[in-house]
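Scroll down for the structure; my scribbles are underneath it.
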Amino acid sequence: MSVIRTSGGLSVAYRPRALLVGTGCALLALAVGVLSIGSGEYPMSPTAVVRALVGQGAAADTFVVEQLRLPRVVTALLVGAALGLAGAIFQSLVRNPLGSPDVLGFTQGAATGALTVIVLIGGGGAALAGGAVLGGVLTGALIYALAARQGAHGYPLILVGIGVAAILTGVNGYLLTRAQIPDAARAVLWLTGSLDGREWSDVVPLALALAVLVPVVLLGCARALRVLEMGDDAAHGLGVPVRRTRVTLLACAVLLAAFAAAAAGPVAFVALTAPRLARRLTGAPGPNLVPSLCMGAALMVSADWIAQRLFTGHQLPVGVVTGVLGGGYLVWLLATERKRGRI
């Protein structure tokens, strides 16, 4: 652990290896983003992409970058960052590597809200995003209320979340049966998780949410979250307002997952894998919030690049790639946890 002290008397503690991992993931995410922008039917070199990004490129290059490809890449980066941070918070609060919006039911709640808008209201993109956020928030409130008697952490939260997720999966299936064929096709594509056709209007709500929620988590709650991992009694003894901190962090994580789902659909497994990979690379205890955030961004933009380039002439939804890779990781994780006697 290293400490930086400023002339004003402030001090910031950090782990050099965690800082290195976070920086490396951020640079990887940006590099893959540049590569993704330059790929396609109108190929561009990384130098041409960078020149267009700083406003010094040719007119055609600037149009392709800023209007056609950059919104998709920025959406991928922000969605991955939101899911990585949300997953780190959930896994820290429940003290279990299986803690993630996918497993705990929050993603299914966002899907229920979006499907309600698509099937019953027939709303457009803005209404769909609003429905996803509202569905995620209401699901989070329901799960917290059901698990509150047990402290809303650990296995009680996981079990309640799994139960709510199962119920909502059935509700979502029923909503699909009520949809007209065009609406059903649109809903299935959204449920898979897709970044096709993203515009700046899809970026702005998520960017604003991150601008508010990330400082709240990193500056206001990160230290308390590390203490909470020691147990409620220890946190009480060290002066941490346990209930208020847990509610704040759960609210932030639910909102991050909901806004990410609103922007790209319920993309699977990024929130589950990013924190675990970040922790393995840093080798540090604690939630590893910043490395998880950067790892999520790198995973998401890389998965989207693979989805676009894996088959010539055909693009896969990004959720297919994250589902295949994340599903394999989940099987390996379950096998590892079973060998250790944790499940």
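In the structure tokens, each chain is lettered A, B, ... as it comes, each chain's residues begin at 1, and ligands are numbered from 1 in order of appearance.
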Next item on the list: Apply DSSP to the backbone of this structure and, from segment 96-319 of chain A, keep only the residues in alpha helix (DSSP H); write these as a count of residues only.
Entry: 163
Next item on the list: With a distance cut-off of 6 Å and only C-alpha atoms, select the neighbouring residues of segment 181-196 of chain A, excluding the residue or stretch itself and same-chain residues fewer than 5 positions from it, and output the selection as a VMD selection string.
Entry: chain A and resid 176 264 to 267 317 to 319
Next item on the list: Find the residues around Ala29 of chain A up to 8 Å (only C-alpha atoms counted), leave out those fewer than 2 positions away in its own chain, and share them as a VMD selection string.
Entry: chain A and resid 25 to 27 31 to 33 77 294 297 to 299 301 to 302
Next item on the list: To one decimal in Å, tell me the separation between atom CA of Ala263 of chain A and atom CA of Ile121 of chain A.
Entry: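 Computing it gives 18.9 Å between the two atoms.
For the set A:Leu98, A:Ala261, A:Met295, A:Leu228, the residue with the smallest atom-to-atom gap to Ala81 of chain A is A:Met295, counting only C-alpha atoms.
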Note to self: Using Å and a single decimal, report how far atom CA of Pro97 of chain A sits from atom CA of Gly327 of chain A.
What the structure shows: 14.1 Å
Checklist line | Distance query Leu104 of chain A at most 9 Å, only C-alpha atoms, self and fewer than 6 positions along chain excluded, as a count of residues only | finding: 12
Near segment 82-85 of chain A, 10 Å: segment 242-303 of chain A residue rows, closest pairs, only C-alpha atoms, as CSV:
```
residue,atom,partner,partner_atom,distance
A:Cys252,CA,A:Leu85,CA,9.6
A:Ala253,CA,A:Leu85,CA,7.5
A:Val254,CA,A:Leu83,CA,9.9
A:Leu255,CA,A:Ala82,CA,9.1
A:Leu256,CA,A:Ala82,CA,5.3
A:Ala257,CA,A:Leu83,CA,5.8
A:Ala258,CA,A:Leu83,CA,9.3
A:Phe259,CA,A:Ala82,CA,8.1
A:Ala260,CA,A:Ala82,CA,6.3
A:Ala261,CA,A:Leu83,CA,9.1
A:Val267,CA,A:Leu83,CA,8.9
A:Ala268,CA,A:Leu83,CA,9.6
A:Phe269,CA,A:Leu83,CA,9.0
A:Val270,CA,A:Leu83,CA,6.3
A:Ala271,CA,A:Leu83,CA,4.7
A:Leu272,CA,A:Gly84,CA,7.8
A:Thr273,CA,A:Gly84,CA,8.1
A:Ala274,CA,A:Gly84,CA,5.4
A:Pro275,CA,A:Gly84,CA,6.2
A:Arg276,CA,A:Gly84,CA,9.7
A:Ala278,CA,A:Gly84,CA,9.4
A:Pro287,CA,A:Leu85,CA,9.3
A:Asn288,CA,A:Leu85,CA,9.0
A:Leu289,CA,A:Leu85,CA,5.9
A:Val290,CA,A:Leu85,CA,7.5
A:Pro291,CA,A:Gly84,CA,8.6
A:Ser292,CA,A:Gly84,CA,5.1
A:Leu293,CA,A:Gly84,CA,4.6
A:Cys294,CA,A:Gly84,CA,7.4
A:Met295,CA,A:Gly84,CA,6.7
A:Gly296,CA,A:Gly84,CA,4.3
A:Ala297,CA,A:Gly84,CA,7.3
A:Ala298,CA,A:Gly84,CA,9.7
A:Leu299,CA,A:Gly84,CA,9.1
A:Met300,CA,A:Leu83,CA,9.2
```
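Note that the spacing between atom CA of Val79 of chain A and atom CA of Ala251 of chain A amounts to 17.2 Å.
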Next item on the list: Kindly indicate which residue among A:Leu175, A:Arg69, A:Ala127, A:Phe63 lies nearest to Thr112 of chain A, using only C-alpha atoms for the distances.
Entry: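 The answer is A:Leu175, which sits nearest to Thr112 of chain A.
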Item checked: Which of A:Ala110, A:Met230, A:Leu333, A:Val117 sits closest to Val137 of chain A [using only C-alpha atoms] ->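 Among A:Ala110, A:Met230, A:Leu333, A:Val117, it is A:Ala110 that comes nearest to Val137 of chain A.
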Checklist line | Selected residue of minimal separation from Arg95 of chain A among A:Pro46, A:Val54, A:Glu229, A:Tyr174, counting only C-alpha atoms | finding: A:Glu229
